[in-house]
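Participant: For reference, the file target16.cif (mmCIF, C-alpha atoms) is included below:
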```cif
data_data
loop_
_atom_site.label_atom_id
_atom_site.label_comp_id
_atom_site.auth_asym_id
_atom_site.auth_seq_id
_atom_site.Cartn_x
_atom_site.Cartn_y
_atom_site.Cartn_z
CA MET F 20 7.04 6.96 64.85
CA TRP F 21 8.82 5.42 67.86
CA LYS F 22 12.16 5.67 66.02
CA ASN F 23 11.68 9.37 65.38
CA ARG F 24 14.69 11.11 66.96
CA ASN F 25 13.13 14.57 66.81
CA LEU F 26 9.96 13.40 68.54
CA TRP F 27 11.87 11.87 71.44
CA ILE F 28 14.00 14.98 71.88
CA LEU F 29 10.85 17.13 71.89
CA MET F 30 9.04 14.92 74.40
CA ILE F 31 12.06 14.63 76.74
CA ALA F 32 12.45 18.41 76.63
CA GLU F 33 8.72 18.80 77.33
CA GLY F 34 8.99 16.39 80.26
CA GLY F 35 11.86 18.33 81.82
CA SER F 36 10.10 21.64 81.27
CA GLY F 37 6.86 20.23 82.70
CA LEU F 38 8.60 19.05 85.87
CA GLY F 39 10.19 22.48 86.25
CA MET F 40 6.82 24.14 85.79
CA TRP F 41 5.12 22.02 88.47
CA PHE F 42 7.96 22.48 90.95
CA GLY F 43 7.55 26.22 90.35
CA ILE F 44 3.77 26.07 90.82
CA ILE F 45 4.06 24.24 94.16
CA GLY F 46 6.70 26.76 95.23
CA ASN F 47 4.42 29.65 94.24
CA LEU F 48 1.55 28.26 96.31
CA GLU F 49 3.81 27.77 99.33
CA PHE F 50 5.23 31.30 99.06
CA LEU F 51 1.77 32.85 98.72
CA GLN F 52 0.50 30.87 101.69
CA GLN F 53 3.30 32.37 103.78
CA MET F 54 3.07 35.95 102.50
CA VAL F 55 -0.54 36.69 101.41
CA PRO F 56 -3.48 36.10 103.78
CA SER F 57 -6.23 37.01 101.29
CA ASP F 58 -7.49 34.23 99.00
CA PHE F 59 -8.66 36.81 96.47
CA LEU F 60 -5.18 38.37 96.28
CA LYS F 61 -3.64 34.91 95.93
CA ALA F 62 -5.90 34.20 92.95
CA ALA F 63 -5.18 37.62 91.41
CA ILE F 64 -1.41 37.07 91.66
CA LEU F 65 -1.62 33.56 90.21
CA LEU F 66 -3.78 34.80 87.32
CA SER F 67 -1.61 37.84 86.55
CA GLY F 68 0.77 35.87 84.35
CA LEU F 69 -2.11 34.15 82.57
CA PHE F 70 -3.73 37.50 81.85
CA VAL F 71 -0.59 39.12 80.41
CA GLY F 72 0.19 35.97 78.44
CA THR F 73 -3.24 36.19 76.85
CA LEU F 74 -2.51 39.73 75.69
CA THR F 75 0.79 38.71 74.06
CA ALA F 76 -0.63 35.63 72.29
CA PRO F 77 -1.36 37.37 68.93
CA TYR F 78 2.21 38.66 68.71
CA ALA F 79 3.54 35.25 69.75
CA GLY F 80 1.73 33.54 66.86
CA SER F 81 3.20 35.92 64.29
CA VAL F 82 6.71 35.43 65.70
CA ILE F 83 6.37 31.63 65.59
CA ASP F 84 5.23 31.64 61.96
CA ARG F 85 8.04 34.02 61.02
CA GLN F 86 10.95 32.61 63.05
CA GLY F 87 9.99 28.96 63.44
CA GLY F 88 8.87 27.01 66.49
CA GLN F 89 12.30 25.63 67.37
CA ALA F 90 13.90 29.04 67.91
CA VAL F 91 10.86 30.33 69.82
CA MET F 92 10.87 27.28 72.13
CA GLY F 93 14.52 27.87 72.98
CA TRP F 94 14.05 31.56 73.72
CA SER F 95 10.95 30.88 75.83
CA GLY F 96 13.00 28.45 77.93
CA ILE F 97 15.70 31.09 78.41
CA ALA F 98 13.01 33.62 79.42
CA ARG F 99 11.68 31.20 82.05
CA VAL F 100 15.18 30.69 83.48
CA CYS F 101 15.70 34.47 83.65
CA GLY F 102 12.25 34.93 85.20
CA LEU F 103 13.23 32.66 88.09
CA LEU F 104 15.85 35.24 89.07
CA PHE F 105 12.96 37.54 90.03
CA MET F 106 11.59 34.76 92.24
CA PHE F 107 14.93 34.44 94.02
CA LEU F 108 14.78 38.21 94.65
CA ALA F 109 11.26 37.75 96.04
CA LEU F 110 12.52 35.07 98.44
CA ALA F 111 15.48 37.21 99.51
CA THR F 112 13.38 40.33 100.19
CA ASP F 113 10.02 38.74 101.12
CA SER F 114 8.52 40.88 98.34
CA VAL F 115 5.30 39.88 96.58
CA GLY F 116 6.05 42.52 93.92
CA TRP F 117 9.04 40.54 92.62
CA MET F 118 6.84 37.46 92.49
CA VAL F 119 4.26 39.29 90.36
CA LEU F 120 7.05 40.21 87.94
CA PHE F 121 8.11 36.55 87.88
CA MET F 122 4.53 35.47 87.13
CA VAL F 123 4.27 37.98 84.27
CA VAL F 124 7.55 36.84 82.66
CA ASN F 125 6.53 33.20 83.05
CA GLY F 126 3.09 33.87 81.56
CA VAL F 127 4.54 35.64 78.53
CA ALA F 128 7.07 32.83 77.99
CA ALA F 129 4.27 30.24 78.22
CA SER F 130 2.25 32.12 75.57
CA PHE F 131 5.15 31.51 73.16
CA TYR F 132 6.14 28.01 74.30
CA LEU F 133 3.01 25.87 73.87
CA PRO F 134 1.97 27.17 70.39
CA ALA F 135 5.58 26.73 69.25
CA LEU F 136 5.63 23.12 70.44
CA GLN F 137 2.28 22.34 68.79
CA SER F 138 3.46 23.88 65.52
CA LEU F 139 6.57 21.64 65.57
CA ILE F 140 4.75 18.31 65.97
CA PRO F 141 3.35 18.17 62.39
CA LEU F 142 6.82 19.05 61.05
CA ILE F 143 8.57 16.09 62.69
CA VAL F 144 5.99 13.26 62.38
CA GLU F 145 3.98 11.89 59.49
CA GLU F 146 0.38 13.01 59.40
CA LYS F 147 -0.93 9.47 59.91
CA HIS F 148 0.87 9.52 63.29
CA LEU F 149 -0.42 12.91 64.48
CA VAL F 150 -3.03 11.46 66.84
CA ALA F 151 -0.44 9.16 68.43
CA ALA F 152 2.13 11.98 68.69
CA ASN F 153 -0.35 14.37 70.31
CA GLY F 154 -1.45 11.59 72.64
CA LEU F 155 2.18 11.02 73.62
CA HIS F 156 2.54 14.75 74.28
CA MET F 157 -0.53 14.72 76.52
CA ASN F 158 0.77 11.65 78.39
CA VAL F 159 4.14 13.32 78.98
CA ALA F 160 2.38 16.42 80.32
CA THR F 161 0.19 14.25 82.57
CA PHE F 162 3.17 12.29 83.91
CA SER F 163 4.96 15.58 84.55
CA ARG F 164 1.97 16.85 86.53
CA ILE F 165 1.66 13.70 88.65
CA ALA F 166 5.39 13.26 89.24
CA GLY F 167 6.09 17.00 89.62
CA THR F 168 3.45 17.57 92.30
CA ALA F 169 4.44 14.42 94.22
CA LEU F 170 8.20 15.11 94.12
CA ALA F 171 7.70 18.80 94.93
CA GLY F 172 5.66 17.88 97.99
CA LEU F 173 8.44 15.55 99.18
CA LEU F 174 11.13 18.13 98.45
CA LEU F 175 9.36 20.71 100.60
CA THR F 176 9.85 18.46 103.62
CA VAL F 177 13.65 18.43 103.25
CA THR F 178 14.56 21.80 101.73
CA ASP F 179 13.40 25.40 101.50
CA LEU F 180 11.84 27.31 98.62
CA VAL F 181 15.25 28.27 97.21
CA GLY F 182 15.96 24.58 96.60
CA MET F 183 12.51 24.19 95.05
CA TYR F 184 13.11 26.93 92.50
CA LEU F 185 16.63 25.68 91.76
CA VAL F 186 15.12 22.34 90.70
CA ALA F 187 12.59 24.25 88.54
CA MET F 188 15.48 26.14 86.92
CA PHE F 189 17.25 22.87 86.04
CA GLY F 190 14.03 21.67 84.38
CA TYR F 191 13.89 24.76 82.16
CA LEU F 192 17.62 24.54 81.42
CA PHE F 193 17.00 20.98 80.25
CA LEU F 194 14.60 22.37 77.63
CA VAL F 195 17.09 25.06 76.55
CA LEU F 196 19.94 22.55 76.15
CA LEU F 197 17.92 19.96 74.20
CA THR F 198 16.12 22.27 71.76
CA PRO F 199 19.18 22.94 69.52
CA PHE F 200 19.46 19.19 68.84
CA LEU F 201 16.16 19.18 66.92
CA ARG F 202 16.60 18.82 63.16
CA ILE F 203 13.64 20.57 61.53
CA ASP F 204 13.24 20.95 57.76
CA ARG F 205 11.91 24.49 57.53
CA GLY F 206 11.08 23.89 53.89
CA GLU F 207 8.04 21.94 55.01
CA THR F 208 6.56 25.00 56.66
CA GLY F 209 3.91 26.63 54.55
CA LYS F 210 2.78 23.50 52.74
CA ALA F 211 -0.84 22.59 53.03
CA ALA F 212 -1.81 19.32 54.63
CA PRO F 213 -2.25 16.66 51.93
CA ALA F 214 -5.45 14.77 51.56
CA ARG F 215 -4.09 11.65 53.27
CA GLY F 216 -3.93 13.60 56.52
CA GLN F 217 -7.72 13.73 56.68
CA GLU F 218 -8.43 10.11 57.51
CA GLY F 219 -11.50 9.87 59.67
CA ILE F 220 -13.13 12.98 58.15
CA PRO F 221 -16.16 12.27 55.94
CA ALA F 222 -15.77 13.11 52.29
CA CYS F 223 -18.88 15.28 52.43
CA ASP F 224 -17.09 17.49 54.98
CA ARG F 225 -14.02 17.96 52.78
CA PRO F 226 -14.32 20.48 49.96
CA PRO F 227 -12.85 19.16 46.71
CA GLN F 228 -9.98 21.68 46.64
CA GLU F 229 -9.40 22.22 50.40
CA PRO F 230 -10.24 25.95 50.52
CA ALA F 231 -8.33 26.51 53.78
CA ALA F 232 -5.10 25.65 52.02
CA ALA F 233 -5.89 28.07 49.22
CA VAL F 234 -6.01 31.12 51.50
CA ALA F 235 -2.94 33.27 50.94
CA ASP F 236 -0.69 34.41 53.76
CA THR F 237 -0.04 38.11 53.18
CA GLY F 238 2.70 38.70 55.71
CA HIS F 239 2.31 36.83 59.03
CA ARG F 240 -0.52 39.03 60.25
CA PHE F 241 -2.79 37.61 62.92
CA ALA F 242 -5.84 38.83 60.96
CA ASP F 243 -4.88 36.54 58.04
CA LEU F 244 -6.08 33.62 60.17
CA LEU F 245 -9.76 34.62 59.93
CA PRO F 246 -10.27 33.58 56.26
CA VAL F 247 -8.64 30.24 57.06
CA LEU F 248 -11.13 29.61 59.88
CA ARG F 249 -14.05 30.64 57.69
CA ALA F 250 -12.88 28.24 54.97
CA SER F 251 -12.93 25.24 57.33
CA SER F 252 -16.25 23.66 58.26
CA MET F 253 -14.90 21.49 61.08
CA VAL F 254 -12.34 23.57 62.99
CA PRO F 255 -14.89 26.09 64.40
CA GLN F 256 -17.10 23.22 65.60
CA VAL F 257 -14.19 21.47 67.33
CA LEU F 258 -13.15 24.78 68.92
CA LEU F 259 -16.69 25.10 70.24
CA LEU F 260 -16.65 21.52 71.57
CA SER F 261 -13.36 22.24 73.36
CA PHE F 262 -15.22 24.59 75.74
CA VAL F 263 -16.71 21.49 77.41
CA PRO F 264 -13.44 19.93 78.70
CA LEU F 265 -12.07 23.43 79.29
CA THR F 266 -15.04 24.09 81.60
CA LEU F 267 -14.09 21.00 83.60
CA LEU F 268 -10.39 21.93 83.72
CA GLY F 269 -11.19 25.49 84.79
CA CYS F 270 -13.28 24.18 87.70
CA PHE F 271 -10.99 21.26 88.47
CA ASN F 272 -8.93 22.50 91.40
CA LEU F 273 -11.85 24.27 93.08
CA THR F 274 -14.02 21.17 92.60
CA VAL F 275 -11.39 18.92 94.19
CA ILE F 276 -11.09 21.27 97.19
CA ALA F 277 -14.89 21.42 97.55
CA ILE F 278 -15.18 17.61 97.45
CA SER F 279 -12.44 17.30 100.06
CA GLU F 280 -14.29 19.71 102.35
CA GLN F 281 -17.66 18.04 101.71
CA THR F 282 -16.34 14.56 102.51
CA ALA F 283 -14.10 15.84 105.35
CA ASP F 284 -11.30 13.72 103.86
CA PRO F 285 -8.13 15.60 102.82
CA SER F 286 -6.62 12.43 101.30
CA ILE F 287 -9.31 12.26 98.62
CA LYS F 288 -7.61 15.13 96.75
CA GLY F 289 -4.68 12.91 95.81
CA LEU F 290 -7.01 10.08 94.81
CA LEU F 291 -9.04 12.35 92.53
CA TYR F 292 -5.95 13.82 90.83
CA THR F 293 -4.40 10.38 90.34
CA THR F 294 -7.61 8.78 89.07
CA GLU F 295 -8.21 11.54 86.55
CA GLY F 296 -4.57 11.48 85.39
CA ILE F 297 -4.42 7.70 84.89
CA CYS F 298 -7.73 7.66 83.02
CA ALA F 299 -6.63 10.60 80.87
CA ILE F 300 -3.61 8.53 79.81
CA ALA F 301 -5.92 5.60 79.03
CA GLY F 302 -8.09 8.00 77.01
CA THR F 303 -5.17 8.91 74.73
CA PHE F 304 -4.73 5.23 73.82
CA ALA F 305 -8.46 4.92 73.18
CA ALA F 306 -8.31 7.97 70.91
CA ARG F 307 -5.48 6.41 68.91
CA MET F 308 -7.44 3.18 68.35
CA LEU F 309 -10.77 4.84 67.56
CA SER F 310 -9.26 7.42 65.19
CA HIS F 311 -8.51 4.66 62.67
CA ARG F 312 -11.96 3.10 62.84
CA ARG F 313 -14.43 5.92 63.44
CA ASN F 314 -15.09 9.41 62.23
CA GLN F 315 -13.01 11.80 64.34
CA ILE F 316 -15.72 14.42 64.85
CA TYR F 317 -18.08 11.75 66.19
CA VAL F 318 -15.44 10.38 68.58
CA MET F 319 -14.73 13.89 69.85
CA THR F 320 -18.45 14.57 70.33
CA VAL F 321 -18.87 11.36 72.35
CA SER F 322 -15.76 12.24 74.38
CA VAL F 323 -17.06 15.65 75.44
CA LEU F 324 -20.49 14.14 76.07
CA LEU F 325 -18.84 11.79 78.58
CA VAL F 326 -17.17 14.78 80.23
CA GLY F 327 -20.45 16.71 80.48
CA LEU F 328 -22.43 13.76 81.86
CA ALA F 329 -19.68 12.84 84.34
CA TYR F 330 -19.57 16.39 85.66
CA LEU F 331 -23.38 16.37 85.87
CA SER F 332 -23.16 13.24 88.05
CA LEU F 333 -21.34 15.28 90.72
CA THR F 334 -24.71 16.92 91.38
CA PHE F 335 -25.97 13.66 92.89
CA ALA F 336 -22.73 12.18 94.26
CA GLN F 337 -22.44 11.90 98.04
CA HIS F 338 -19.68 9.35 98.70
CA TRP F 339 -16.09 8.99 97.50
CA PRO F 340 -16.66 5.97 95.15
CA PHE F 341 -19.09 8.08 93.10
CA TYR F 342 -16.63 10.97 92.96
CA LEU F 343 -13.81 8.67 91.81
CA THR F 344 -16.05 7.17 89.12
CA SER F 345 -17.03 10.62 87.85
CA PHE F 346 -13.40 11.76 87.69
CA ALA F 347 -12.40 8.53 85.94
CA VAL F 348 -14.99 9.09 83.20
CA MET F 349 -13.98 12.75 82.90
CA GLY F 350 -10.35 11.70 82.53
CA LEU F 351 -11.23 9.27 79.73
CA GLY F 352 -13.19 11.96 77.89
CA VAL F 353 -10.51 14.64 78.26
CA GLY F 354 -7.71 12.22 77.34
CA SER F 355 -9.40 11.15 74.12
CA PHE F 356 -10.60 14.62 73.04
CA PHE F 357 -7.42 16.71 73.12
CA PRO F 358 -5.12 14.46 71.01
CA LEU F 359 -7.84 14.14 68.36
CA SER F 360 -8.59 17.86 68.32
CA ALA F 361 -4.88 18.79 68.14
CA ALA F 362 -4.34 16.38 65.25
CA LEU F 363 -7.38 17.73 63.40
CA TYR F 364 -6.14 21.32 63.81
CA GLN F 365 -2.71 20.34 62.50
CA GLN F 366 -4.29 18.63 59.49
CA GLN F 367 -6.94 21.19 58.64
CA ILE F 368 -4.94 24.39 59.18
CA PRO F 369 -2.10 25.04 56.67
CA LYS F 370 1.33 24.87 58.28
CA GLN F 371 2.22 28.50 57.58
CA PHE F 372 -0.65 29.51 59.93
CA HIS F 373 0.09 27.06 62.77
CA GLY F 374 1.86 29.57 65.03
CA ARG F 375 -0.95 32.11 64.85
CA PHE F 376 -3.67 29.47 65.09
CA PHE F 377 -2.29 27.75 68.19
CA SER F 378 -1.64 31.16 69.73
CA LEU F 379 -5.32 31.94 69.11
CA VAL F 380 -6.29 28.66 70.78
CA ASP F 381 -4.00 29.44 73.71
CA MET F 382 -5.47 32.93 74.04
CA MET F 383 -9.01 31.56 73.89
CA GLU F 384 -8.26 28.90 76.51
CA ASN F 385 -6.57 31.34 78.89
CA SER F 386 -9.42 33.85 78.61
CA TYR F 387 -11.98 31.13 79.22
CA PHE F 388 -9.98 29.78 82.18
CA LEU F 389 -10.09 33.23 83.78
CA PHE F 390 -13.85 33.39 83.32
CA VAL F 391 -14.52 29.81 84.50
CA MET F 392 -12.29 30.04 87.58
CA LEU F 393 -13.90 33.26 88.76
CA THR F 394 -17.41 31.98 87.97
CA ALA F 395 -16.80 28.64 89.69
CA GLY F 396 -15.49 30.38 92.80
CA LEU F 397 -18.53 32.65 92.90
CA LEU F 398 -20.95 29.73 92.40
CA LEU F 399 -19.26 27.63 95.08
CA ASP F 400 -19.56 30.51 97.56
CA THR F 401 -23.23 31.16 96.75
CA ILE F 402 -24.95 27.90 95.70
CA GLY F 403 -22.52 25.10 96.62
CA LEU F 404 -20.89 22.23 94.75
CA SER F 405 -24.01 20.34 93.60
CA LEU F 406 -25.73 23.30 91.97
CA MET F 407 -22.44 24.58 90.57
CA ALA F 408 -21.85 21.20 88.89
CA LEU F 409 -25.43 21.29 87.58
CA SER F 410 -24.96 24.78 86.13
CA MET F 411 -21.60 24.07 84.47
CA SER F 412 -22.66 20.69 83.08
CA SER F 413 -25.92 22.13 81.72
CA PHE F 414 -23.96 24.81 79.88
CA SER F 415 -21.64 22.12 78.50
CA LEU F 416 -24.52 19.92 77.35
CA CYS F 417 -26.09 22.88 75.55
CA ILE F 418 -22.86 23.34 73.57
CA ILE F 419 -22.81 19.63 72.68
CA GLY F 420 -26.48 19.75 71.63
CA TYR F 421 -25.84 22.74 69.37
CA VAL F 422 -22.92 21.00 67.62
CA ILE F 423 -24.92 17.77 67.17
CA VAL F 424 -27.90 19.65 65.71
CA ARG F 425 -25.57 21.56 63.39
CA GLN F 426 -23.97 18.32 62.21
CA LEU F 427 -27.36 16.72 61.56
CA TRP F 428 -28.55 19.84 59.72
CA ARG F 429 -25.45 19.84 57.50
CA LEU F 430 -25.67 16.18 56.51
CA PRO F 431 -28.59 16.50 54.01
CA ARG F 432 -26.99 19.55 52.40
CA SER F 433 -23.62 17.78 52.18
CA HIS F 434 -25.21 14.75 50.54
CA GLN F 435 -27.03 16.98 48.07
CA ARG F 436 -23.78 18.75 47.20
CA THR F 437 -21.99 15.42 46.76
CA ALA F 438 -24.83 14.11 44.59
CA GLY F 439 -24.69 17.24 42.47
CA LEU F 440 -20.97 16.85 41.95
CA ASP F 441 -21.45 13.20 40.97
CA GLY F 442 -24.17 14.19 38.51
CA ASP F 443 -21.94 16.79 36.90
CA ILE F 444 -19.15 14.28 36.55
CA SER F 445 -21.44 11.67 35.03
CA GLN F 446 -22.50 14.08 32.35
CA GLN F 447 -18.94 14.79 31.22
CA PRO F 448 -17.80 13.06 27.99
#
```
Let me see whether you can do it: turn the structure in this file into structure tokens.
Facilitator:
Amino acid sequence: MWKNRNLWILMIAEGGSGLGMWFGIIGNLEFLQQMVPSDFLKAAILLSGLFVGTLTAPYAGSVIDRQGGQAVMGWSGIARVCGLLFMFLALATDSVGWMVLFMVVNGVAASFYLPALQSLIPLIVEEKHLVAANGLHMNVATFSRIAGTALAGLLLTVTDLVGMYLVAMFGYLFLVLLTPFLRIDRGETGKAAPARGQEGIPACDRPPQEPAAAVADTGHRFADLLPVLRASSMVPQVLLLSFVPLTLLGCFNLTVIAISEQTADPSIKGLLYTTEGICAIAGTFAARMLSHRRNQIYVMTVSVLLVGLAYLSLTFAQHWPFYLTSFAVMGLGVGSFFPLSAALYQQQIPKQFHGRFFSLVDMMENSYFLFVMLTAGLLLDTIGLSLMALSMSSFSLCIIGYVIVRQLWRLPRSHQRTAGLDGDISQQP
């Protein structure tokens, strides 16, 4: 895998784009701090792009499946570069309206970019390397976040916002220039994942003829994805489990701010971000090792259980060592869950549906982020950090309990079905 030219091009392009994105985010926060006094209006402006991007996700999935992820990635990078022109107009005129337009263009481009990238990964690496490739992608994104926020903070001390957005533009241009060098065999698109791509999935969970692969694609419609999801027994459960780390990520920034205020220590914010990021990277390596030795659905369940319990521990934490420990455990859980879940999606969902499926995941995540961020803000204002952590973690643990009970309930039926199949085979001449 490490000699895979396409993978390195994709990850380098993702790293450049990620740095550009984080430089842009820090610039957005600085501009809003200067221009908008209301915290509610700041949140509404920041979420405007996410909201519009959620609305365009179904169309984005159809375009990716029809045109291919490589072309869509390139055009999304061009759209981000063009969107920055609106931000330069906002800086020149001190106009928040131009910034809103920039956020909308950026949100729409992001709704195309991430599903396109995720649909490309199974086309350029062997299926036995999917967990490692998705872990590498998550590590690149984490490094981009850590390095981007640190470098952007330093850059703000020596230049103005125009310089900040120029650096962001170079990051997006890096993506645009590298994307054409990918060599993708489009003939692979549309083939179902072979059986060898399901290592780590119990045989009782795999139907003999892989019904998801047998579902016909009738013309790149988003609705064609529903029979595929119904045909898979594991994908809906993993999607449900993903709400647990998404709950944490939706509350993350507000939780860090609340801990900083509660401890009266502004420097703890950097420690919490760094601790979670480093442990998330460690979690991707743990996921790679465990995926070859354990059942993937069990590893993912344990990972989200760690996240839920770690967030629950914030209810009782009072001092910074406890907070750092909780964030370290959360980082390990998040880092191990997402590479495994992405690899399972890429294996279980036929390739001709990847664009629409990952657009659906992106739409689901964005919608849930909107809900969680608003809910977390309301809970922090009304009941405080401890009770907010208790509420969110209790909801997460209920999801985990439901999935565990469902798995235990399915096991006897799966064994009976397997025994019946064996009996039928034994009776054949």
Participant: Wanna dump the stretch 99-148 of chain F-stretch 85-95 of chain F contacts at 8 Å for me, each residue with its shortest atom pair and the distance in Å to one decimal, counting all atoms listed in the file, ordered by chain and number, as a Markdown table?
Facilitator:
```
| residue | atom | partner | partner_atom | distance |
| --- | --- | --- | --- | --- |
| F:Arg99 | CA | F:Ser95 | CA | 6.3 |
| F:Ala128 | CA | F:Ser95 | CA | 4.8 |
| F:Ala129 | CA | F:Ser95 | CA | 7.1 |
| F:Phe131 | CA | F:Ser95 | CA | 6.4 |
| F:Tyr132 | CA | F:Met92 | CA | 5.3 |
| F:Pro134 | CA | F:Gly88 | CA | 7.9 |
| F:Ala135 | CA | F:Gly88 | CA | 4.3 |
| F:Leu136 | CA | F:Gly88 | CA | 6.4 |
| F:Ser138 | CA | F:Gly88 | CA | 6.3 |
| F:Leu139 | CA | F:Gly88 | CA | 5.9 |
```
Participant: Here's the selection I'm unsure about, the PyMOL selection byres ((chain F and resi 289) around 12); applied to the file above, which residues does it give, as a ChimeraX atom specification?
Facilitator: /F:165,168-169,172,272,275-276,278-279,284-288,290-296,343,346
Participant: Can you list, as an mmCIF file with C-alpha atoms, in the coordinates of the input, the residues that the PyMOL selection byres ((chain F and resi 348) around 9) selects here?
Facilitator:
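And here's expr.cif as it stands now:
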```cif
data_model
loop_
_atom_site.group_PDB
_atom_site.id
_atom_site.type_symbol
_atom_site.label_atom_id
_atom_site.label_comp_id
_atom_site.auth_asym_id
_atom_site.auth_seq_id
_atom_site.Cartn_x
_atom_site.Cartn_y
_atom_site.Cartn_z
ATOM 1 C CA GLU F 295 -8.210 11.540 86.550
ATOM 2 C CA CYS F 298 -7.730 7.660 83.020
ATOM 3 C CA ALA F 299 -6.630 10.600 80.870
ATOM 4 C CA LEU F 325 -18.840 11.790 78.580
ATOM 5 C CA VAL F 326 -17.170 14.780 80.230
ATOM 6 C CA LEU F 328 -22.430 13.760 81.860
ATOM 7 C CA ALA F 329 -19.680 12.840 84.340
ATOM 8 C CA TYR F 330 -19.570 16.390 85.660
ATOM 9 C CA LEU F 343 -13.810 8.670 91.810
ATOM 10 C CA THR F 344 -16.050 7.170 89.120
ATOM 11 C CA SER F 345 -17.030 10.620 87.850
ATOM 12 C CA PHE F 346 -13.400 11.760 87.690
ATOM 13 C CA ALA F 347 -12.400 8.530 85.940
ATOM 14 C CA MET F 349 -13.980 12.750 82.900
ATOM 15 C CA GLY F 350 -10.350 11.700 82.530
ATOM 16 C CA LEU F 351 -11.230 9.270 79.730
ATOM 17 C CA GLY F 352 -13.190 11.960 77.890
ATOM 18 C CA VAL F 353 -10.510 14.640 78.260
#
```
Participant: Tell me which of F:Leu333, F:Leu244, F:Leu363, F:Met383 sits closest to F:Leu406, counting only C-alpha atoms.
Facilitator: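 Checking each of F:Leu333, F:Leu244, F:Leu363, F:Met383 against F:Leu406, counting only C-alpha atoms, the winner is F:Leu333.
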Participant: Tell me, in Å to one decimal, how far atom CA of F:Ala362 is from atom CA of F:Leu74.
Facilitator: 25.6 Å
Participant: Taking the file as shown, find all residues satisfying the PyMOL selection byres ((chain F and resi 356) around 10) and write them as an mmCIF file with C-alpha atoms, in the coordinates of the input.
Facilitator:
```cif
data_model
loop_
_atom_site.group_PDB
_atom_site.id
_atom_site.type_symbol
_atom_site.label_atom_id
_atom_site.label_comp_id
_atom_site.auth_asym_id
_atom_site.auth_seq_id
_atom_site.Cartn_x
_atom_site.Cartn_y
_atom_site.Cartn_z
ATOM 1 C CA GLY F 154 -1.450 11.590 72.640
ATOM 2 C CA VAL F 257 -14.190 21.470 67.330
ATOM 3 C CA LEU F 260 -16.650 21.520 71.570
ATOM 4 C CA SER F 261 -13.360 22.240 73.360
ATOM 5 C CA PRO F 264 -13.440 19.930 78.700
ATOM 6 C CA ALA F 299 -6.630 10.600 80.870
ATOM 7 C CA GLY F 302 -8.090 8.000 77.010
ATOM 8 C CA THR F 303 -5.170 8.910 74.730
ATOM 9 C CA ALA F 305 -8.460 4.920 73.180
ATOM 10 C CA ALA F 306 -8.310 7.970 70.910
ATOM 11 C CA GLN F 315 -13.010 11.800 64.340
ATOM 12 C CA ILE F 316 -15.720 14.420 64.850
ATOM 13 C CA VAL F 318 -15.440 10.380 68.580
ATOM 14 C CA MET F 319 -14.730 13.890 69.850
ATOM 15 C CA THR F 320 -18.450 14.570 70.330
ATOM 16 C CA VAL F 321 -18.870 11.360 72.350
ATOM 17 C CA SER F 322 -15.760 12.240 74.380
ATOM 18 C CA VAL F 323 -17.060 15.650 75.440
ATOM 19 C CA VAL F 326 -17.170 14.780 80.230
ATOM 20 C CA GLY F 350 -10.350 11.700 82.530
ATOM 21 C CA LEU F 351 -11.230 9.270 79.730
ATOM 22 C CA GLY F 352 -13.190 11.960 77.890
ATOM 23 C CA VAL F 353 -10.510 14.640 78.260
ATOM 24 C CA GLY F 354 -7.710 12.220 77.340
ATOM 25 C CA SER F 355 -9.400 11.150 74.120
ATOM 26 C CA PHE F 357 -7.420 16.710 73.120
ATOM 27 C CA PRO F 358 -5.120 14.460 71.010
ATOM 28 C CA LEU F 359 -7.840 14.140 68.360
ATOM 29 C CA SER F 360 -8.590 17.860 68.320
ATOM 30 C CA ALA F 361 -4.880 18.790 68.140
#
```
Participant: Between atom CA of F:Tyr78 and atom CA of F:Phe372, measure the distance and give it in Å to one decimal.
Facilitator: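 So the two atoms, atom CA of F:Tyr78 and atom CA of F:Phe372, lie 13.0 Å apart.
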Participant: So how far away is atom CA of F:Leu110 from atom CA of F:Leu173, in Å?
Facilitator: 20.0 Å
Participant: Using only C-alpha atoms, find the one residue out of F:Ser252, F:Glu49, F:Leu197, F:Gly80 that sits nearest to F:Thr176.
Facilitator: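 Checking each of F:Ser252, F:Glu49, F:Leu197, F:Gly80 against F:Thr176, counting only C-alpha atoms, the winner is F:Glu49.
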Participant: Of the candidates F:Leu180, F:Leu60, F:Met157, F:Ala166, which one gets nearest to F:Ala109 if we count all atoms listed in the file?
Facilitator: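 Once distances to F:Ala109 are computed over all atoms listed in the file, the minimum belongs to F:Leu180.
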Participant: F:Leu65: which residues within 10 Å, counting only C-alpha atoms, same-chain residues fewer than 5 positions away excluded, as a PyMOL selection string?
Facilitator: chain F and resi 44+47-48+51+59-60+70+118-119+122-123+126
Participant: Residues within 7 Å of F:Val100, please, as a PyMOL selection string. Count all atoms listed in the file; anything in the same chain fewer than 5 positions from it doesn't count.
Facilitator: chain F and resi 188+191-192
Participant: From the options F:Tyr317, F:Phe271, F:Phe262, F:Phe50, which residue's atoms come nearest to F:Ile418, counting only C-alpha atoms?
Facilitator: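 For F:Ile418, the nearest of the candidates is F:Phe262.
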Participant: Could you list, as a ChimeraX atom specification, every residue within 12 Å of F:Leu397, counting only C-alpha atoms and ignoring same-chain residues fewer than 6 positions away?
Facilitator: /F:59,270,273,390-391,403-404,406-407
Participant: Pull C-alpha atoms from the residues just selected and write them as a short mmCIF file (atom, residue, chain, number, x, y, z; two decimals), in the coordinates of the input.
Facilitator:
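Produced file out_3.cif, reproduced below:
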```cif
data_model
loop_
_atom_site.label_atom_id
_atom_site.label_comp_id
_atom_site.auth_asym_id
_atom_site.auth_seq_id
_atom_site.Cartn_x
_atom_site.Cartn_y
_atom_site.Cartn_z
CA PHE F 59 -8.66 36.81 96.47
CA CYS F 270 -13.28 24.18 87.70
CA LEU F 273 -11.85 24.27 93.08
CA PHE F 390 -13.85 33.39 83.32
CA VAL F 391 -14.52 29.81 84.50
CA GLY F 403 -22.52 25.10 96.62
CA LEU F 404 -20.89 22.23 94.75
CA LEU F 406 -25.73 23.30 91.97
CA MET F 407 -22.44 24.58 90.57
#
```
